[in-house]
>>> print(open('query.cif').read())   # mmCIF, C-alpha atoms
data_query
#
loop_
_atom_site.group_PDB
_atom_site.id
_atom_site.type_symbol
_atom_site.label_atom_id
_atom_site.label_comp_id
_atom_site.auth_asym_id
_atom_site.auth_seq_id
_atom_site.Cartn_x
_atom_site.Cartn_y
_atom_site.Cartn_z
ATOM 1 C CA MET F 1 -98.210 22.480 23.320
ATOM 2 C CA ARG F 2 -99.414 19.717 20.984
ATOM 3 C CA LEU F 3 -97.361 16.539 21.159
ATOM 4 C CA ALA F 4 -97.378 13.080 19.622
ATOM 5 C CA ILE F 5 -96.297 10.015 21.558
ATOM 6 C CA LEU F 6 -95.178 7.062 19.468
ATOM 7 C CA GLY F 7 -96.236 3.936 21.351
ATOM 8 C CA THR F 8 -99.167 3.078 23.593
ATOM 9 C CA GLY F 9 -97.540 1.044 26.381
ATOM 10 C CA ASN F 10 -97.212 1.878 30.053
ATOM 11 C CA VAL F 11 -94.461 4.460 29.545
ATOM 12 C CA ALA F 12 -96.413 6.193 26.782
ATOM 13 C CA GLN F 13 -99.602 6.249 28.850
ATOM 14 C CA MET F 14 -97.798 7.636 31.902
ATOM 15 C CA LEU F 15 -96.242 10.385 29.805
ATOM 16 C CA ALA F 16 -99.593 11.202 28.206
ATOM 17 C CA ARG F 17 -101.324 11.451 31.570
ATOM 18 C CA ARG F 18 -98.723 13.786 33.068
ATOM 19 C CA LEU F 19 -98.411 15.903 29.921
ATOM 20 C CA SER F 20 -102.183 16.314 29.820
ATOM 21 C CA GLU F 21 -102.191 17.285 33.496
ATOM 22 C CA THR F 22 -99.615 19.984 32.770
ATOM 23 C CA GLY F 23 -101.693 21.519 29.992
ATOM 24 C CA HIS F 24 -100.462 19.812 26.825
ATOM 25 C CA GLU F 25 -102.547 18.225 24.069
ATOM 26 C CA VAL F 26 -101.412 14.661 23.383
ATOM 27 C CA THR F 27 -102.032 12.209 20.538
ATOM 28 C CA PHE F 28 -100.800 8.608 20.523
ATOM 29 C CA GLY F 29 -99.308 7.087 17.394
ATOM 30 C CA SER F 30 -99.829 3.354 16.946
ATOM 31 C CA ARG F 31 -99.198 0.697 14.308
ATOM 32 C CA ASP F 32 -102.759 -0.490 14.937
ATOM 33 C CA PRO F 33 -104.827 2.466 16.184
ATOM 34 C CA ALA F 34 -108.156 0.688 15.747
ATOM 35 C CA SER F 35 -107.258 -1.788 18.497
ATOM 36 C CA LYS F 36 -106.209 0.832 21.047
ATOM 37 C CA GLY F 37 -109.457 1.916 22.621
ATOM 38 C CA GLY F 38 -109.753 3.171 26.178
ATOM 39 C CA LEU F 39 -106.552 5.203 26.281
ATOM 40 C CA ASN F 40 -106.363 8.634 27.874
ATOM 41 C CA ALA F 41 -105.765 10.489 24.568
ATOM 42 C CA PRO F 42 -106.713 10.100 20.890
ATOM 43 C CA VAL F 43 -104.925 7.400 18.877
ATOM 44 C CA THR F 44 -103.950 7.728 15.223
ATOM 45 C CA SER F 45 -101.514 6.003 12.901
ATOM 46 C CA LEU F 46 -97.815 6.562 13.503
ATOM 47 C CA ALA F 47 -97.497 8.661 10.349
ATOM 48 C CA ASP F 48 -100.509 10.841 11.172
ATOM 49 C CA ALA F 49 -99.266 11.414 14.724
ATOM 50 C CA VAL F 50 -95.912 12.650 13.431
ATOM 51 C CA ALA F 51 -97.477 14.763 10.677
ATOM 52 C CA GLY F 52 -99.848 16.552 13.041
ATOM 53 C CA ASN F 53 -97.365 17.599 15.730
ATOM 54 C CA ASP F 54 -94.103 19.521 15.910
ATOM 55 C CA VAL F 55 -92.902 17.651 19.013
ATOM 56 C CA VAL F 56 -92.842 13.854 18.908
ATOM 57 C CA ILE F 57 -91.888 11.568 21.800
ATOM 58 C CA ASN F 58 -90.484 8.145 21.037
ATOM 59 C CA ALA F 59 -91.867 5.791 23.686
ATOM 60 C CA THR F 60 -91.661 2.633 21.594
ATOM 61 C CA PRO F 61 -89.507 -0.275 22.842
ATOM 62 C CA GLY F 62 -85.928 0.823 22.211
ATOM 63 C CA ALA F 63 -84.900 -2.351 20.396
ATOM 64 C CA VAL F 64 -87.418 -1.597 17.619
ATOM 65 C CA SER F 65 -87.497 2.223 17.741
ATOM 66 C CA LEU F 66 -85.129 2.694 14.817
ATOM 67 C CA GLU F 67 -87.178 0.323 12.662
ATOM 68 C CA VAL F 68 -90.372 2.181 13.595
ATOM 69 C CA ALA F 69 -88.875 5.575 12.756
ATOM 70 C CA GLU F 70 -87.459 4.371 9.449
ATOM 71 C CA GLY F 71 -90.838 2.877 8.600
ATOM 72 C CA ILE F 72 -92.488 6.269 9.057
ATOM 73 C CA GLY F 73 -89.782 7.842 6.889
ATOM 74 C CA ALA F 74 -87.160 10.524 7.417
ATOM 75 C CA ALA F 75 -89.115 13.160 5.487
ATOM 76 C CA ALA F 76 -91.985 13.010 7.980
ATOM 77 C CA PHE F 77 -89.655 14.047 10.818
ATOM 78 C CA ALA F 78 -88.073 17.008 9.023
ATOM 79 C CA GLY F 79 -88.055 20.018 11.350
ATOM 80 C CA LYS F 80 -89.656 18.075 14.208
ATOM 81 C CA VAL F 81 -88.313 17.807 17.741
ATOM 82 C CA LEU F 82 -87.986 14.075 18.429
ATOM 83 C CA VAL F 83 -87.735 13.380 22.153
ATOM 84 C CA ASP F 84 -86.259 9.921 22.633
ATOM 85 C CA VAL F 85 -86.944 8.379 26.056
ATOM 86 C CA ALA F 86 -86.210 4.748 25.145
ATOM 87 C CA ASN F 87 -83.300 2.485 26.016
ATOM 88 C CA ALA F 88 -82.317 -0.068 23.388
ATOM 89 C CA ASN F 89 -81.743 -3.311 25.282
ATOM 90 C CA THR F 90 -82.125 -6.971 24.371
ATOM 91 C CA PRO F 91 -84.463 -9.249 26.373
ATOM 92 C CA SER F 92 -81.398 -10.252 28.428
ATOM 93 C CA PHE F 93 -80.766 -6.521 29.056
ATOM 94 C CA GLU F 94 -77.665 -6.245 26.904
ATOM 95 C CA LEU F 95 -77.105 -3.096 24.857
ATOM 96 C CA VAL F 96 -78.434 -3.229 21.298
ATOM 97 C CA TYR F 97 -75.911 -0.533 20.316
ATOM 98 C CA PRO F 98 -72.859 -1.185 22.510
ATOM 99 C CA ASN F 99 -70.664 1.185 20.490
ATOM 100 C CA SER F 100 -73.309 3.828 19.857
ATOM 101 C CA SER F 101 -76.770 4.752 21.137
ATOM 102 C CA LEU F 102 -80.358 4.780 19.975
ATOM 103 C CA GLY F 103 -80.305 8.572 20.094
ATOM 104 C CA GLU F 104 -77.368 8.691 17.690
ATOM 105 C CA LYS F 105 -78.928 6.081 15.407
ATOM 106 C CA LEU F 106 -82.191 8.028 15.242
ATOM 107 C CA GLN F 107 -80.387 11.297 14.456
ATOM 108 C CA ALA F 108 -78.385 9.613 11.684
ATOM 109 C CA ALA F 109 -81.503 8.016 10.183
ATOM 110 C CA LEU F 110 -83.559 11.220 10.502
ATOM 111 C CA PRO F 111 -81.024 13.925 9.625
ATOM 112 C CA ASP F 112 -83.557 16.756 9.445
ATOM 113 C CA ALA F 113 -85.116 15.945 12.818
ATOM 114 C CA LYS F 114 -83.927 17.512 16.071
ATOM 115 C CA VAL F 115 -83.359 14.488 18.315
ATOM 116 C CA VAL F 116 -83.115 15.027 22.075
ATOM 117 C CA LYS F 117 -82.353 12.146 24.434
ATOM 118 C CA THR F 118 -83.818 12.457 27.916
ATOM 119 C CA MET F 119 -85.814 10.738 30.708
ATOM 120 C CA ASN F 120 -84.098 7.368 30.163
ATOM 121 C CA THR F 121 -81.992 7.146 33.334
ATOM 122 C CA ALA F 122 -84.746 6.425 35.857
ATOM 123 C CA ALA F 123 -88.145 4.773 35.949
ATOM 124 C CA MET F 124 -90.791 6.858 34.189
ATOM 125 C CA THR F 125 -92.697 7.080 37.471
ATOM 126 C CA VAL F 126 -89.701 9.033 38.810
ATOM 127 C CA MET F 127 -89.162 11.050 35.633
ATOM 128 C CA THR F 128 -92.752 12.292 35.545
ATOM 129 C CA GLU F 129 -93.063 12.816 39.327
ATOM 130 C CA PRO F 130 -89.597 14.012 40.461
ATOM 131 C CA GLY F 131 -90.994 15.494 43.658
ATOM 132 C CA ALA F 132 -91.623 11.982 44.980
ATOM 133 C CA LEU F 133 -87.876 11.704 45.721
ATOM 134 C CA PRO F 134 -85.271 14.051 47.172
ATOM 135 C CA PRO F 135 -83.696 16.320 44.521
ATOM 136 C CA SER F 136 -82.061 14.306 41.735
ATOM 137 C CA SER F 137 -80.948 14.793 38.118
ATOM 138 C CA VAL F 138 -82.363 14.362 34.637
ATOM 139 C CA PHE F 139 -80.156 14.555 31.556
ATOM 140 C CA VAL F 140 -80.570 15.919 28.031
ATOM 141 C CA SER F 141 -78.452 15.277 24.942
ATOM 142 C CA GLY F 142 -78.954 16.795 21.510
ATOM 143 C CA ASP F 143 -77.382 18.864 18.774
ATOM 144 C CA ASP F 144 -80.051 21.594 18.622
ATOM 145 C CA ALA F 145 -80.139 24.137 21.456
ATOM 146 C CA ALA F 146 -83.713 25.256 20.776
ATOM 147 C CA ALA F 147 -84.950 21.665 20.788
ATOM 148 C CA LYS F 148 -83.245 21.074 24.126
ATOM 149 C CA ALA F 149 -84.895 24.218 25.495
ATOM 150 C CA THR F 150 -88.276 22.846 24.415
ATOM 151 C CA VAL F 151 -87.535 19.598 26.240
ATOM 152 C CA ALA F 152 -86.371 21.506 29.321
ATOM 153 C CA SER F 153 -89.729 23.292 29.414
ATOM 154 C CA LEU F 154 -91.547 19.947 29.355
ATOM 155 C CA LEU F 155 -89.337 18.687 32.176
ATOM 156 C CA ALA F 156 -90.009 21.846 34.185
ATOM 157 C CA GLY F 157 -93.720 21.156 33.803
ATOM 158 C CA PHE F 158 -93.194 17.786 35.470
ATOM 159 C CA GLY F 159 -91.486 19.550 38.384
ATOM 160 C CA TRP F 160 -87.793 19.364 37.500
ATOM 161 C CA ALA F 161 -85.883 22.370 38.840
ATOM 162 C CA ASP F 162 -83.519 24.174 36.480
ATOM 163 C CA ASP F 163 -80.433 23.018 38.369
ATOM 164 C CA SER F 164 -81.606 19.389 38.168
ATOM 165 C CA ILE F 165 -81.697 19.417 34.345
ATOM 166 C CA VAL F 166 -78.176 18.555 33.172
ATOM 167 C CA ASP F 167 -77.244 19.290 29.547
ATOM 168 C CA LEU F 168 -74.702 16.646 28.554
ATOM 169 C CA GLY F 169 -73.981 18.179 25.146
ATOM 170 C CA GLY F 170 -74.546 16.854 21.637
ATOM 171 C CA ILE F 171 -76.428 13.734 20.680
ATOM 172 C CA ALA F 172 -73.206 11.706 20.889
ATOM 173 C CA SER F 173 -73.420 12.124 24.672
ATOM 174 C CA ALA F 174 -76.614 10.044 24.641
ATOM 175 C CA ARG F 175 -74.303 7.044 24.587
ATOM 176 C CA GLY F 176 -73.351 7.585 28.224
ATOM 177 C CA ALA F 177 -76.942 8.079 29.340
ATOM 178 C CA GLU F 178 -78.099 4.957 27.514
ATOM 179 C CA HIS F 179 -75.219 2.792 28.711
ATOM 180 C CA TYR F 180 -76.155 3.796 32.262
ATOM 181 C CA SER F 181 -79.105 1.407 31.834
ATOM 182 C CA LEU F 182 -76.718 -1.391 32.806
ATOM 183 C CA LEU F 183 -75.981 0.282 36.131
ATOM 184 C CA PHE F 184 -79.657 1.131 36.585
ATOM 185 C CA ALA F 185 -80.497 -2.568 36.274
ATOM 186 C CA ALA F 186 -77.887 -3.436 38.885
ATOM 187 C CA PHE F 187 -79.235 -0.781 41.258
ATOM 188 C CA MET F 188 -82.801 -2.008 40.799
ATOM 189 C CA GLN F 189 -81.793 -5.597 41.504
ATOM 190 C CA SER F 190 -79.859 -4.531 44.587
ATOM 191 C CA LEU F 191 -82.606 -2.250 45.943
ATOM 192 C CA GLY F 192 -85.548 -4.384 44.855
ATOM 193 C CA SER F 193 -87.371 -1.282 43.659
ATOM 194 C CA PRO F 194 -87.331 1.179 40.739
ATOM 195 C CA ASN F 195 -88.040 4.123 43.040
ATOM 196 C CA PHE F 196 -84.619 5.760 42.981
ATOM 197 C CA ASN F 197 -82.534 8.133 40.904
ATOM 198 C CA ILE F 198 -79.043 9.632 40.774
ATOM 199 C CA ARG F 199 -77.904 13.228 41.249
ATOM 200 C CA LEU F 200 -74.970 15.062 39.784
ATOM 201 C CA VAL F 201 -73.205 16.711 42.718
ATOM 202 C CA ARG F 202 -70.928 19.653 41.875
#
>>> encode(input="query.cif", output="structure tokens")
Amino acid sequence: MRLAILGTGNVAQMLARRLSETGHEVTFGSRDPASKGGLNAPVTSLADAVAGNDVVINATPGAVSLEVAEGIGAAAFAGKVLVDVANANTPSFELVYPNSSLGEKLQAALPDAKVVKTMNTAAMTVMTEPGALPPSSVFVSGDDAAAKATVASLLAGFGWADDSIVDLGGIASARGAEHYSLLFAAFMQSLGSPNFNIRLVR
């Protein structure tokens, strides 16, 4: 599969490395591609990255993700699967959207995109290498069943078992997953490490 990753930070680079290892072709999208040498995949402009790929991963800082997407333009995302892995928090780790979620905001701003929220409830080191911990859970939220199936296939490539991928429902359910970032921060402070995750036990 060919994918674009919006952003070039640590999360984006980790995703690109693991996606490449699992057989996918990755392109980074950057506001300043000329300054982003030495990355592990080609770098283009944000608009070109979206235009050239049917699956786009938002790995920009969550507090500015909506601005970035709106700057690219809703028309560019029409028909695309937009995988949103960001949490929108302030520098003091408060929620940017306390009565909503970034996933919902992106879907509203990009009505013809198929937004799927996932991989935002644990450190990306855990999300891309789930076998490093005992069995745990990863969550998906989105309004389009086919888009969620595409995301589930990417997660399976990372090593997530079918029964560890929990479909929370429509994009409105992204609110719960994003608000969990507050509890994640408390866990990380208590444990002194990001190497943990949660599991839904049924």
>>> resolve_selection(input="query.cif", expression="the PyMOL selection byres ((chain F and resi 85) around 6)", output="mmCIF file with C-alpha atoms, keeping the file's coordinate frame")
data_model
loop_
_atom_site.group_PDB
_atom_site.id
_atom_site.type_symbol
_atom_site.label_atom_id
_atom_site.label_comp_id
_atom_site.auth_asym_id
_atom_site.auth_seq_id
_atom_site.Cartn_x
_atom_site.Cartn_y
_atom_site.Cartn_z
ATOM 1 C CA ASP F 84 -86.259 9.921 22.633
ATOM 2 C CA ALA F 86 -86.210 4.748 25.145
ATOM 3 C CA THR F 118 -83.818 12.457 27.916
ATOM 4 C CA MET F 119 -85.814 10.738 30.708
ATOM 5 C CA ASN F 120 -84.098 7.368 30.163
#
>>> closest_residue(input="query.cif", among="F:Ala41, F:Val56, F:Ala174, F:Ala185", to="Asn99 (chain F)", atoms="only C-alpha atoms")
F:Ala174
>>> resolve_selection(input="query.cif", expression="the PyMOL selection byres ((chain F and resi 143-146) around 12)", output="ChimeraX atom specification")
/F:79-83,103-104,107-108,111-117,140-142,147-153,167-174
>>> closest_residue(input="query.cif", among="F:Pro42, F:Tyr97, F:Leu155, F:Arg31", to="Gly71 (chain F)", atoms="only C-alpha atoms")
F:Arg31
>>> resolve_selection(input="query.cif", expression="the PyMOL selection byres ((chain F and resi 58-69) around 8)", output="JSON, numbers by chain")
{"F": [5, 6, 7, 8, 9, 11, 12, 56, 57, 70, 71, 72, 73, 74, 82, 83, 84, 85, 86, 87, 88, 89, 90, 96, 102, 105, 106, 109]}
